[in-house]
>>> print(open('coords35.cif').read())   # mmCIF, C-alpha atoms
data_model
loop_
_atom_site.label_atom_id
_atom_site.label_comp_id
_atom_site.auth_asym_id
_atom_site.auth_seq_id
_atom_site.Cartn_x
_atom_site.Cartn_y
_atom_site.Cartn_z
CA MET G 220 -5.17 7.55 12.11
CA GLY G 221 -8.43 7.98 10.20
CA ARG G 222 -9.79 4.96 8.40
CA PRO G 223 -12.78 4.60 6.13
CA GLU G 224 -15.85 3.21 7.86
CA LEU G 225 -16.95 -0.31 7.10
CA LYS G 226 -19.29 -0.09 4.16
CA LEU G 227 -20.57 -3.63 3.76
CA PRO G 228 -22.83 -4.70 6.61
CA GLY G 229 -22.33 -8.18 7.90
CA MET G 230 -18.74 -8.28 6.84
CA ALA G 231 -16.44 -9.07 9.71
CA LEU G 232 -13.82 -6.65 8.53
CA GLY G 233 -13.90 -3.31 10.23
CA ALA G 234 -12.00 -0.15 9.67
CA VAL G 235 -8.86 -1.88 10.87
CA ALA G 236 -10.15 -3.74 13.81
CA ALA G 237 -9.06 -5.81 16.54
CA LEU G 238 -6.63 -7.45 18.75
CA ALA G 239 -4.98 -7.50 22.06
CA VAL G 240 -2.12 -8.71 24.11
CA ALA G 241 -2.69 -11.90 26.05
CA ALA G 242 -6.31 -12.74 26.62
CA VAL G 243 -8.45 -11.15 23.98
CA THR G 244 -11.99 -10.36 24.98
CA ALA G 245 -13.12 -8.09 22.23
CA ALA G 246 -11.93 -6.61 19.03
CA ASP G 247 -11.33 -2.91 19.49
CA PRO G 248 -10.69 -0.52 16.66
CA VAL G 249 -7.02 0.28 16.71
CA SER G 250 -4.65 2.11 14.53
CA GLY G 251 -2.81 -0.09 12.18
CA LYS G 252 -1.33 -0.33 8.80
CA LEU G 253 -1.06 -3.24 6.42
CA ALA G 254 0.98 -2.38 3.36
CA PHE G 255 2.54 -4.20 0.46
CA GLU G 256 5.49 -3.44 -1.74
CA ALA G 257 6.36 -4.83 -5.16
CA LEU G 258 8.57 -4.09 -8.13
CA GLN G 259 6.93 -2.63 -11.22
CA ALA G 260 8.94 -1.71 -14.32
CA GLY G 261 12.09 -1.67 -12.22
CA ALA G 262 10.65 0.60 -9.53
CA ARG G 263 9.37 -0.33 -6.09
CA PHE G 264 5.85 0.90 -5.36
CA THR G 265 3.64 0.52 -2.31
CA GLY G 266 -0.02 -0.06 -1.64
CA GLU G 267 -2.20 -0.61 1.41
CA PHE G 268 -5.18 -2.61 2.53
CA ALA G 269 -7.58 -0.09 4.01
CA ARG G 270 -9.75 -2.74 5.70
CA PHE G 271 -8.51 -5.69 7.67
CA THR G 272 -8.95 -7.25 11.07
CA ALA G 273 -6.15 -8.46 13.27
CA ASP G 274 -7.04 -10.64 16.19
CA VAL G 275 -3.70 -11.10 17.85
CA THR G 276 -2.83 -12.68 21.15
CA PHE G 277 0.77 -12.23 22.10
CA ASP G 278 2.62 -12.26 25.37
CA PRO G 279 6.39 -11.63 25.18
CA ALA G 280 6.81 -13.75 28.31
CA ASP G 281 5.33 -16.71 26.47
CA PRO G 282 5.71 -16.24 22.71
CA ALA G 283 4.92 -19.89 22.05
CA ALA G 284 1.34 -19.23 23.17
CA CYS G 285 0.79 -16.57 20.52
CA ARG G 286 -2.12 -16.70 18.12
CA PHE G 287 -2.68 -14.64 14.97
CA GLU G 288 -5.89 -14.45 13.01
CA VAL G 289 -5.84 -11.77 10.34
CA GLY G 290 -8.59 -11.17 7.83
CA ILE G 291 -7.96 -8.93 4.84
CA ASP G 292 -10.62 -7.36 2.63
CA THR G 293 -8.96 -7.77 -0.78
CA ALA G 294 -11.26 -5.17 -2.36
CA SER G 295 -9.76 -2.57 -0.01
CA ALA G 296 -6.39 -2.76 -1.79
CA ASP G 297 -5.33 0.77 -2.61
CA THR G 298 -2.23 1.75 -4.61
CA ARG G 299 -3.37 5.37 -5.10
CA GLU G 300 -3.96 4.89 -8.81
CA SER G 301 -7.33 3.71 -10.07
CA ARG G 302 -6.24 1.82 -13.20
CA ARG G 303 -3.63 -0.19 -11.32
CA ASP G 304 -6.15 -0.82 -8.53
CA GLY G 305 -8.59 -2.06 -11.16
CA ILE G 306 -6.08 -4.60 -12.49
CA LEU G 307 -5.09 -5.63 -8.97
CA LYS G 308 -8.68 -6.32 -7.92
CA GLY G 309 -9.56 -7.92 -11.24
CA PRO G 310 -9.62 -11.61 -12.19
CA ASP G 311 -5.90 -11.76 -13.08
CA PHE G 312 -4.78 -10.70 -9.60
CA PHE G 313 -6.87 -10.77 -6.42
CA TRP G 314 -10.17 -11.57 -8.21
CA VAL G 315 -12.07 -9.89 -5.41
CA GLU G 316 -15.52 -11.00 -6.63
CA GLN G 317 -14.48 -14.61 -6.26
CA PHE G 318 -12.09 -14.19 -3.30
CA PRO G 319 -13.23 -11.18 -1.27
CA SER G 320 -10.99 -11.98 1.66
CA ALA G 321 -7.55 -13.28 2.39
CA ARG G 322 -6.61 -14.81 5.72
CA TYR G 323 -3.45 -15.26 7.72
CA ARG G 324 -3.39 -17.71 10.60
CA GLY G 325 -0.66 -18.92 12.86
CA SER G 326 0.27 -19.88 16.38
CA GLY G 327 3.46 -20.60 18.26
CA CYS G 328 5.82 -17.64 17.91
CA ARG G 329 9.56 -17.97 18.37
CA LYS G 330 12.03 -15.46 19.73
CA ASN G 331 15.04 -14.83 17.54
CA ALA G 332 17.97 -12.42 17.47
CA GLN G 333 16.01 -9.65 15.72
CA GLY G 334 12.70 -10.07 17.51
CA TYR G 335 10.06 -12.72 16.91
CA ALA G 336 9.11 -15.06 14.12
CA LEU G 337 5.92 -16.88 13.29
CA ASP G 338 5.45 -19.62 10.72
CA GLY G 339 1.84 -19.21 9.74
CA GLU G 340 -0.27 -19.81 6.68
CA LEU G 341 -1.68 -17.32 4.24
CA THR G 342 -4.80 -18.07 2.24
CA LEU G 343 -4.97 -15.80 -0.78
CA ARG G 344 -7.01 -16.31 -3.94
CA GLY G 345 -8.07 -19.66 -2.52
CA VAL G 346 -4.49 -20.93 -2.20
CA THR G 347 -3.02 -21.67 1.24
CA ARG G 348 0.73 -21.56 1.65
CA PRO G 349 3.16 -21.14 4.55
CA VAL G 350 4.33 -17.55 5.02
CA ALA G 351 6.74 -16.53 7.77
CA LEU G 352 6.35 -13.29 9.69
CA LEU G 353 9.20 -11.46 11.36
CA PHE G 354 8.20 -8.82 13.85
CA SER G 355 9.22 -6.65 16.75
CA PHE G 356 7.13 -6.01 19.83
CA GLU G 357 7.25 -2.92 22.03
CA PRO G 358 5.10 -3.37 25.11
CA GLY G 359 3.26 -0.34 26.45
CA ALA G 360 1.13 0.37 29.50
CA LYS G 361 -2.12 0.73 27.55
CA ALA G 362 -1.17 -0.52 24.14
CA SER G 363 1.71 -2.30 22.54
CA ARG G 364 3.18 -1.88 19.14
CA MET G 365 3.82 -4.75 16.80
CA LYS G 366 5.73 -4.09 13.63
CA GLY G 367 6.96 -6.55 11.07
CA SER G 368 7.04 -7.93 7.60
CA ALA G 369 6.69 -11.01 5.48
CA SER G 370 8.01 -11.83 2.07
CA LEU G 371 6.11 -13.97 -0.42
CA ASN G 372 5.97 -14.78 -4.10
CA ARG G 373 2.70 -13.63 -5.66
CA LEU G 374 2.77 -16.41 -8.28
CA ASP G 375 2.69 -19.08 -5.54
CA PHE G 376 -0.88 -17.88 -4.93
CA GLY G 377 -1.85 -17.44 -8.57
CA VAL G 378 -1.77 -13.66 -8.15
CA GLY G 379 -0.91 -12.79 -11.74
CA GLN G 380 -2.65 -14.84 -14.42
CA GLY G 381 -2.14 -14.85 -18.17
CA GLU G 382 0.47 -12.32 -19.30
CA TRP G 383 1.05 -11.34 -15.67
CA GLN G 384 2.71 -14.69 -14.98
CA SER G 385 5.74 -13.07 -16.53
CA THR G 386 7.93 -11.33 -13.98
CA GLU G 387 9.61 -9.10 -16.56
CA TRP G 388 7.51 -6.01 -15.72
CA VAL G 389 5.95 -6.95 -12.38
CA GLY G 390 8.21 -8.71 -9.89
CA ASN G 391 7.25 -11.97 -8.25
CA GLU G 392 8.36 -11.00 -4.77
CA VAL G 393 5.97 -8.99 -2.63
CA VAL G 394 6.92 -7.64 0.78
CA VAL G 395 4.05 -7.19 3.20
CA ARG G 396 4.58 -4.78 6.09
CA PHE G 397 2.39 -4.27 9.12
CA ASP G 398 2.45 -1.83 11.98
CA LEU G 399 -0.21 -2.45 14.62
CA THR G 400 -1.09 -0.82 17.89
CA LEU G 401 -2.57 -3.52 20.12
CA PRO G 402 -4.58 -2.46 23.16
CA ARG G 403 -3.70 -4.35 26.29
CA ARG G 404 -6.43 -6.44 27.81
CA MET D 1359 36.20 19.22 -36.90
CA SER D 1360 36.42 19.96 -33.22
CA LEU D 1361 34.54 18.47 -30.30
CA THR D 1362 33.97 21.97 -28.96
CA ASN D 1363 32.37 24.97 -30.62
CA ALA D 1364 34.35 26.98 -33.18
CA ALA D 1365 33.67 30.42 -34.62
CA GLY D 1366 31.58 29.20 -37.54
CA ARG D 1367 29.96 26.03 -36.23
CA TYR D 1368 28.97 23.95 -33.26
CA GLY D 1369 31.40 21.33 -31.94
CA LEU D 1370 30.79 17.62 -32.40
CA VAL D 1371 29.55 17.10 -28.85
CA PRO D 1372 26.87 19.84 -28.95
CA GLN D 1373 25.90 18.63 -32.45
CA LEU D 1374 25.53 15.04 -31.30
CA LEU D 1375 23.45 16.04 -28.26
CA HIS D 1376 21.22 18.24 -30.45
CA TRP D 1377 20.51 15.50 -33.00
CA VAL D 1378 19.98 12.77 -30.40
CA VAL D 1379 17.20 14.90 -28.90
CA VAL D 1380 15.78 15.48 -32.40
CA VAL D 1381 15.43 11.70 -32.72
CA LEU D 1382 14.15 11.10 -29.18
CA ILE D 1383 11.30 13.64 -29.23
CA PRO D 1384 9.30 11.93 -32.02
CA LEU D 1385 10.06 8.58 -30.36
CA GLN D 1386 8.55 9.97 -27.13
CA TYR D 1387 5.44 11.06 -28.99
CA VAL D 1388 5.03 7.63 -30.58
CA LEU D 1389 5.52 5.84 -27.24
CA ALA D 1390 3.01 8.13 -25.49
CA GLU D 1391 0.38 7.73 -28.23
CA THR D 1392 0.92 3.97 -28.34
CA ALA D 1393 0.49 3.69 -24.57
CA ASP D 1394 -2.61 5.87 -24.73
CA GLU D 1395 -4.30 3.52 -27.16
CA LEU D 1396 -3.35 0.29 -25.40
CA PRO D 1397 -5.80 -1.26 -22.92
CA ASP D 1398 -4.69 -1.40 -19.29
CA GLY D 1399 -2.23 -4.28 -19.24
CA MET D 1400 1.38 -5.27 -19.36
CA GLU D 1401 2.11 -3.83 -22.81
CA LYS D 1402 0.87 -0.45 -21.65
CA LEU D 1403 2.96 -0.67 -18.50
CA ALA D 1404 6.04 -1.57 -20.57
CA THR D 1405 5.43 1.19 -23.14
CA LEU D 1406 4.99 3.83 -20.45
CA ALA D 1407 8.11 2.59 -18.66
CA ARG D 1408 10.08 3.06 -21.90
CA HIS D 1409 8.55 6.52 -22.40
CA LYS D 1410 9.69 7.48 -18.89
CA SER D 1411 13.19 6.09 -19.39
CA VAL D 1412 13.62 7.99 -22.66
CA GLY D 1413 12.21 11.12 -21.01
CA LEU D 1414 14.77 10.89 -18.23
CA THR D 1415 17.45 10.48 -20.90
CA ILE D 1416 16.24 13.74 -22.51
CA LEU D 1417 16.37 15.44 -19.11
CA LEU D 1418 19.94 14.24 -18.58
CA ILE D 1419 20.94 15.46 -22.06
CA ALA D 1420 19.27 18.84 -21.40
CA LEU D 1421 21.36 19.21 -18.24
CA VAL D 1422 24.56 18.36 -20.11
CA ARG D 1423 23.67 20.74 -22.95
CA VAL D 1424 23.03 23.70 -20.66
CA ALA D 1425 26.21 22.98 -18.69
CA TRP D 1426 28.17 22.63 -21.93
CA ARG D 1427 26.72 25.89 -23.26
CA LEU D 1428 27.82 27.76 -20.13
CA VAL D 1429 31.41 26.53 -20.50
CA ASP D 1430 31.75 26.29 -24.29
CA ARG D 1431 30.01 29.32 -25.80
CA PRO D 1432 28.02 28.69 -28.97
CA PRO D 1433 29.22 30.26 -32.24
CA PRO D 1434 27.96 33.85 -32.76
CA LEU D 1435 24.81 34.28 -34.86
CA PRO D 1436 25.24 35.43 -38.45
CA PRO D 1437 24.41 39.12 -39.06
CA MET D 1438 20.68 39.74 -38.65
CA PRO D 1439 18.27 42.43 -37.41
CA ALA D 1440 17.86 42.83 -33.66
CA TRP D 1441 14.29 41.47 -33.64
CA GLN D 1442 15.46 38.25 -35.28
CA ARG D 1443 18.30 37.98 -32.78
CA ALA D 1444 15.75 38.36 -29.97
CA ALA D 1445 13.40 35.84 -31.56
CA ALA D 1446 16.23 33.32 -31.87
CA ALA D 1447 17.16 33.79 -28.19
CA VAL D 1448 13.55 33.40 -27.00
CA THR D 1449 13.07 30.28 -29.13
CA HIS D 1450 16.32 28.67 -28.02
CA TRP D 1451 15.80 29.30 -24.31
CA GLY D 1452 12.14 28.32 -24.62
CA LEU D 1453 13.21 25.00 -26.15
CA TYR D 1454 15.67 24.41 -23.34
CA ALA D 1455 13.00 25.29 -20.75
CA LEU D 1456 10.59 22.77 -22.27
CA LEU D 1457 13.27 20.08 -22.47
CA PHE D 1458 13.34 20.40 -18.69
CA ALA D 1459 9.62 21.00 -18.14
CA LEU D 1460 8.46 17.95 -20.08
CA PRO D 1461 10.47 15.28 -18.25
CA LEU D 1462 10.07 17.01 -14.88
CA SER D 1463 6.28 17.29 -15.23
CA GLY D 1464 6.20 13.64 -16.32
CA TRP D 1465 8.27 12.62 -13.31
CA LEU D 1466 6.01 14.68 -11.01
CA TRP D 1467 2.96 13.12 -12.67
CA SER D 1468 4.33 9.62 -12.01
CA SER D 1469 5.23 10.42 -8.42
CA ALA D 1470 1.78 11.93 -7.78
CA ALA D 1471 0.19 8.76 -9.20
CA ASN D 1472 2.35 6.57 -6.94
CA TYR D 1473 4.20 5.14 -9.93
CA PRO D 1474 7.86 5.45 -8.96
CA VAL D 1475 10.09 5.88 -12.00
CA SER D 1476 13.10 3.85 -12.98
CA TRP D 1477 15.64 4.53 -15.70
CA PHE D 1478 15.50 1.43 -17.93
CA GLY D 1479 15.09 -0.75 -14.83
CA TRP D 1480 18.64 0.03 -13.73
CA VAL D 1481 18.16 2.94 -11.36
CA GLN D 1482 15.05 3.79 -9.37
CA LEU D 1483 14.55 7.52 -9.01
CA PRO D 1484 13.20 9.10 -5.84
CA ASP D 1485 9.59 10.24 -5.78
CA LEU D 1486 9.41 14.02 -6.10
CA VAL D 1487 6.07 14.34 -4.26
CA ALA D 1488 3.68 12.23 -2.22
CA PRO D 1489 0.74 10.64 -4.07
CA SER D 1490 -1.99 13.18 -4.83
CA LYS D 1491 -4.86 12.89 -7.28
CA ALA D 1492 -5.07 16.68 -7.70
CA LEU D 1493 -1.37 16.99 -8.52
CA GLU D 1494 -1.58 13.97 -10.82
CA ASP D 1495 -4.31 15.70 -12.86
CA LEU D 1496 -2.45 19.00 -12.85
CA MET D 1497 0.81 17.43 -14.05
CA HIS D 1498 -1.05 15.55 -16.77
CA GLU D 1499 -2.30 18.97 -18.00
CA VAL D 1500 1.13 20.57 -17.68
CA HIS D 1501 2.81 17.68 -19.52
CA GLU D 1502 0.42 17.91 -22.48
CA THR D 1503 0.47 21.72 -22.59
CA ALA D 1504 4.28 21.69 -22.49
CA PHE D 1505 4.31 19.27 -25.41
CA ASN D 1506 2.03 21.57 -27.43
CA GLY D 1507 4.37 24.43 -26.58
CA LEU D 1508 7.31 22.32 -27.73
CA LEU D 1509 5.62 21.70 -31.09
CA VAL D 1510 5.17 25.46 -31.60
CA LEU D 1511 8.78 26.27 -30.69
CA VAL D 1512 10.19 23.42 -32.79
CA ALA D 1513 8.16 24.74 -35.76
CA LEU D 1514 9.57 28.25 -35.26
CA HIS D 1515 13.08 26.83 -34.81
CA VAL D 1516 12.89 24.80 -38.04
CA LEU D 1517 11.26 27.63 -40.02
CA GLY D 1518 13.97 30.02 -38.82
CA ALA D 1519 16.73 27.62 -39.82
CA LEU D 1520 15.15 27.02 -43.26
CA LYS D 1521 14.71 30.75 -43.80
CA HIS D 1522 18.43 31.33 -43.12
CA GLN D 1523 19.43 28.41 -45.31
CA PHE D 1524 17.27 29.10 -48.33
CA VAL D 1525 16.24 32.79 -48.16
CA ASP D 1526 19.27 34.43 -46.58
CA ARG D 1527 21.60 31.76 -47.97
CA ASP D 1528 24.00 32.26 -45.03
CA GLY D 1529 24.76 28.51 -44.59
CA LEU D 1530 23.32 28.53 -41.08
CA ILE D 1531 22.26 24.86 -40.98
CA ALA D 1532 25.81 23.67 -41.72
CA ARG D 1533 26.77 25.01 -38.28
CA MET D 1534 24.87 22.09 -36.79
CA LEU D 1535 26.11 19.48 -39.28
CA PRO D 1536 29.36 17.50 -39.02
CA TRP D 1537 30.00 17.69 -42.75
CA GLY D 1538 30.27 20.50 -45.35
CA GLY D 1539 30.04 24.21 -44.74
CA ARG D 1540 32.61 26.59 -43.39
CA ASN D 1541 34.82 25.79 -40.49
#
>>> encode(input="coords35.cif", output="structure tokens")
Amino acid sequence: MGRPELKLPGMALGAVAALAVAAVTAADPVSGKLAFEALQAGARFTGEFARFTADVTFDPADPAACRFEVGIDTASADTRESRRDGILKGPDFFWVEQFPSARYRGSGCRKNAQGYALDGELTLRGVTRPVALLFSFEPGAKASRMKGSASLNRLDFGVGQGEWQSTEWVGNEVVVRFDLTLPRR
Amino acid sequence: MSLTNAAGRYGLVPQLLHWVVVVLIPLQYVLAETADELPDGMEKLATLARHKSVGLTILLIALVRVAWRLVDRPPPLPPMPAWQRAAAAVTHWGLYALLFALPLSGWLWSSAANYPVSWFGWVQLPDLVAPSKALEDLMHEVHETAFNGLLVLVALHVLGALKHQFVDRDGLIARMLPWGGRN
């Protein structure tokens, strides 16, 4: 899966970087996808973050020992339409000049009927709030696949200022989906 | 006055569908121009969403009209030379073609721009194509060209009707009106 190269030197965010299963020693470039979905004028549309890092330690034998550290380059948000991307990155939404990155952190995963859950915290636009992840994990010999989602309300993070605080044309709920291939270490 | 077509005039259902579209086309133009002039923001998003919902309504009506026409044949044309008969047929089928082409190119344009379309927020329609900047630009062109074509055909259609009404004095316009005229 081709990803744009990192353009800003010194920024920790690579072309989708990172992670591992159990002990992480280094962040390797892996294939991964971090997408979001929201309702706009009654229709569900999707976008993606082209640049993010995911430093994940997860062992299905000991989910409680898991650790997630995800960094998201907010300016890499891409909905495939430049005017909408402009609004999304602008001061009313992500305000990427002021808040160039978002972060998700958590530890202590739980097994549940569907797979695994993690109660972590998302920092977005300078606001930190609990956000729960639900995910599945398919172990592999060389790499494992982790797939899941989270649901959050954009207004909890101030994403949508001024007229955009209304949810008449842009829904409050945003579903974030991720699909990561984690090399085994 | 019958719901279906009679020898001398269109039925009430085809008449209603015809005149609803006559009202919706200028509304579409106004919504599109309004959206064009608005800055990127919620009002623009709302105006374009309404434009798309009305466009889908026109597409639905076009489907019903063609289906109706196949089942309930329109009244025969008044006597006229063969070239006028041909011109009327080309104009009518051209108008139908554009009543499909405009909403479909708009829908394709939205899909290509990754703006899924909903009908008044009640039903989300499937995307016709995957997002593509090239297709988005092409459909923008097609949509505007089709609208210019529609203006030309509507002008011919109206001029033809007026010519029959006031030059030939054959009462043609009454065929599309629920009152007056022959039955």
>>> residues_around(input="coords35.cif", residues="region 376-379 of chain G", least_positions_apart="6", cutoff="9 Å", atoms="all atoms listed in the file", output="list in words")
Leu307, Pro310, Asp311, Phe312, Phe313, Trp314, Thr342, Leu343, Arg344, Gly345, Val346, Thr347, Arg348, Ser385 and Asn391 of chain G
>>> residues_near_point(input="coords35.cif", point="(9.4, -0.7, -9.6)", cutoff="9 Å", atoms="all atoms listed in the file", output="list in words")
Ala257, Leu258, Gln259, Ala260, Gly261, Ala262, Arg263, Phe264, Trp388, Val389 and Gly390 of chain G; Tyr1473, Pro1474, Val1475, Ser1476, Gly1479 and Gln1482 of chain D
>>> write_last_selection(input="coords35.cif", atoms="C-alpha atoms", output="compact mmCIF listing (two decimals), keeping the file's coordinate frame")
# COMPACT_ATOMS: atom_id res chain seq x y z
CA ALA G 257 6.36 -4.83 -5.16
CA LEU G 258 8.57 -4.09 -8.13
CA GLN G 259 6.93 -2.63 -11.22
CA ALA G 260 8.94 -1.71 -14.32
CA GLY G 261 12.09 -1.67 -12.22
CA ALA G 262 10.65 0.60 -9.53
CA ARG G 263 9.37 -0.33 -6.09
CA PHE G 264 5.85 0.90 -5.36
CA TRP G 388 7.51 -6.01 -15.72
CA VAL G 389 5.95 -6.95 -12.38
CA GLY G 390 8.21 -8.71 -9.89
CA TYR D 1473 4.20 5.14 -9.93
CA PRO D 1474 7.86 5.45 -8.96
CA VAL D 1475 10.09 5.88 -12.00
CA SER D 1476 13.10 3.85 -12.98
CA GLY D 1479 15.09 -0.75 -14.83
CA GLN D 1482 15.05 3.79 -9.37
>>> closest_atom_pairs(input="coords35.cif", of="region 1377-1495 of chain D", to="region 1499-1522 of chain D", cutoff="8 Å", atoms="all atoms listed in the file", output="Markdown table")
| residue | atom | partner | partner_atom | distance |
| --- | --- | --- | --- | --- |
| D:Ala1446 | CA | D:His1515 | CA | 7.8 |
| D:Thr1449 | CA | D:Leu1511 | CA | 6.1 |
| D:His1450 | CA | D:His1515 | CA | 7.7 |
| D:Gly1452 | CA | D:Leu1511 | CA | 7.2 |
| D:Leu1453 | CA | D:Leu1511 | CA | 6.5 |
| D:Leu1456 | CA | D:Leu1508 | CA | 6.4 |
| D:Ala1459 | CA | D:Ala1504 | CA | 6.9 |
| D:Leu1460 | CA | D:His1501 | CA | 5.7 |
| D:Ser1463 | CA | D:His1501 | CA | 5.5 |
| D:Gly1464 | CA | D:His1501 | CA | 6.2 |
| D:Asp1495 | CA | D:Glu1499 | CA | 6.4 |
>>> interface_residues(input="coords35.cif", of="chain D", to="chain G", cutoff="9 Å", atoms="only C-alpha atoms", output="list of chain:residue names")
D:Asp1398, D:Gly1399, D:Met1400, D:Leu1403, D:Ala1404, D:Ala1407, D:Ala1470, D:Ala1471, D:Asn1472, D:Tyr1473, D:Pro1474, D:Val1475, D:Ser1476, D:Trp1477, D:Phe1478, D:Gly1479, D:Trp1480, D:Val1481, D:Gln1482, D:Leu1483, D:Pro1489, D:Ser1490, D:Lys1491
>>> write_last_selection(input="coords35.cif", atoms="C-alpha atoms", output="PDB file, in the frame of the given file")
ATOM      1  CA  ASP D1398      -4.690  -1.400 -19.290  1.00  0.00           C
ATOM      2  CA  GLY D1399      -2.230  -4.280 -19.240  1.00  0.00           C
ATOM      3  CA  MET D1400       1.380  -5.270 -19.360  1.00  0.00           C
ATOM      4  CA  LEU D1403       2.960  -0.670 -18.500  1.00  0.00           C
ATOM      5  CA  ALA D1404       6.040  -1.570 -20.570  1.00  0.00           C
ATOM      6  CA  ALA D1407       8.110   2.590 -18.660  1.00  0.00           C
ATOM      7  CA  ALA D1470       1.780  11.930  -7.780  1.00  0.00           C
ATOM      8  CA  ALA D1471       0.190   8.760  -9.200  1.00  0.00           C
ATOM      9  CA  ASN D1472       2.350   6.570  -6.940  1.00  0.00           C
ATOM     10  CA  TYR D1473       4.200   5.140  -9.930  1.00  0.00           C
ATOM     11  CA  PRO D1474       7.860   5.450  -8.960  1.00  0.00           C
ATOM     12  CA  VAL D1475      10.090   5.880 -12.000  1.00  0.00           C
ATOM     13  CA  SER D1476      13.100   3.850 -12.980  1.00  0.00           C
ATOM     14  CA  TRP D1477      15.640   4.530 -15.700  1.00  0.00           C
ATOM     15  CA  PHE D1478      15.500   1.430 -17.930  1.00  0.00           C
ATOM     16  CA  GLY D1479      15.090  -0.750 -14.830  1.00  0.00           C
ATOM     17  CA  TRP D1480      18.640   0.030 -13.730  1.00  0.00           C
ATOM     18  CA  VAL D1481      18.160   2.940 -11.360  1.00  0.00           C
ATOM     19  CA  GLN D1482      15.050   3.790  -9.370  1.00  0.00           C
ATOM     20  CA  LEU D1483      14.550   7.520  -9.010  1.00  0.00           C
ATOM     21  CA  PRO D1489       0.740  10.640  -4.070  1.00  0.00           C
ATOM     22  CA  SER D1490      -1.990  13.180  -4.830  1.00  0.00           C
ATOM     23  CA  LYS D1491      -4.860  12.890  -7.280  1.00  0.00           C
TER      24      LYS D1491
END
>>> resolve_selection(input="coords35.cif", expression="the PyMOL selection byres ((chain G and resi 357-363) around 9)", output="NGL selection string")
:G and (239-240 or 279 or 355-356 or 364-366 or 399-404)
>>> resolve_selection(input="coords35.cif", expression="the PyMOL selection byres ((chain D and resi 1362-1369) around 9)", output="number ranges by chain")
D: 1359-1361, 1370-1374, 1430-1436, 1530, 1532-1536, 1539-1541
>>> residues_around(input="coords35.cif", residues="Gly325 (chain G)", least_positions_apart="2", cutoff="10 Å", atoms="all atoms listed in the file", output="list in words")
Val275, Cys285, Arg286, Phe287, Glu288, Val289, Tyr323, Gly327, Cys328, Leu337, Asp338, Gly339, Glu340, Leu341, Pro349, Val350, Ala351 and Leu352 of chain G
>>> atom_distance(input="coords35.cif", atom1="CA of Leu1396 (chain D)", atom2="CA of Gln384 (chain G)")
19.2 Å
>>> atom_distance(input="coords35.cif", atom1="CA of Leu1486 (chain D)", atom2="CA of Lys1402 (chain D)")
22.9 Å
>>> atom_distance(input="coords35.cif", atom1="CA of Ala294 (chain G)", atom2="CA of Phe397 (chain G)")
17.9 Å
>>> build_atoms(input="coords35.cif", residues="region 254-266 of chain G", atoms="N, CA and C atoms", output="mmCIF file, in the frame of the given file")
data_model
loop_
_atom_site.group_PDB
_atom_site.id
_atom_site.type_symbol
_atom_site.label_atom_id
_atom_site.label_comp_id
_atom_site.auth_asym_id
_atom_site.auth_seq_id
_atom_site.Cartn_x
_atom_site.Cartn_y
_atom_site.Cartn_z
ATOM 1 N N ALA G 254 0.533 -2.876 4.658
ATOM 2 C CA ALA G 254 0.980 -2.380 3.360
ATOM 3 C C ALA G 254 1.698 -3.459 2.580
ATOM 4 N N PHE G 255 1.789 -3.256 1.283
ATOM 5 C CA PHE G 255 2.540 -4.200 0.460
ATOM 6 C C PHE G 255 3.418 -3.426 -0.514
ATOM 7 N N GLU G 256 4.464 -4.095 -0.941
ATOM 8 C CA GLU G 256 5.490 -3.440 -1.740
ATOM 9 C C GLU G 256 5.898 -4.402 -2.842
ATOM 10 N N ALA G 257 5.947 -3.945 -4.063
ATOM 11 C CA ALA G 257 6.360 -4.830 -5.160
ATOM 12 C C ALA G 257 7.107 -4.014 -6.214
ATOM 13 N N LEU G 258 7.777 -4.729 -7.082
ATOM 14 C CA LEU G 258 8.570 -4.090 -8.130
ATOM 15 C C LEU G 258 7.743 -4.016 -9.413
ATOM 16 N N GLN G 259 7.668 -2.825 -9.990
ATOM 17 C CA GLN G 259 6.930 -2.630 -11.220
ATOM 18 C C GLN G 259 7.785 -1.824 -12.174
ATOM 19 N N ALA G 260 8.074 -2.379 -13.340
ATOM 20 C CA ALA G 260 8.940 -1.710 -14.320
ATOM 21 C C ALA G 260 10.210 -1.193 -13.647
ATOM 22 N N GLY G 261 10.800 -2.021 -12.824
ATOM 23 C CA GLY G 261 12.090 -1.670 -12.220
ATOM 24 C C GLY G 261 12.000 -0.701 -11.053
ATOM 25 N N ALA G 262 10.797 -0.337 -10.642
ATOM 26 C CA ALA G 262 10.650 0.600 -9.530
ATOM 27 C C ALA G 262 9.749 -0.012 -8.454
ATOM 28 N N ARG G 263 10.106 0.212 -7.220
ATOM 29 C CA ARG G 263 9.370 -0.330 -6.090
ATOM 30 C C ARG G 263 8.218 0.602 -5.736
ATOM 31 N N PHE G 264 7.002 0.068 -5.727
ATOM 32 C CA PHE G 264 5.850 0.900 -5.360
ATOM 33 C C PHE G 264 5.151 0.254 -4.163
ATOM 34 N N THR G 265 4.320 1.024 -3.491
ATOM 35 C CA THR G 265 3.640 0.520 -2.310
ATOM 36 C C THR G 265 2.128 0.692 -2.426
ATOM 37 N N GLY G 266 1.425 -0.161 -1.738
ATOM 38 C CA GLY G 266 -0.020 -0.060 -1.640
ATOM 39 C C GLY G 266 -0.428 -0.452 -0.230
#
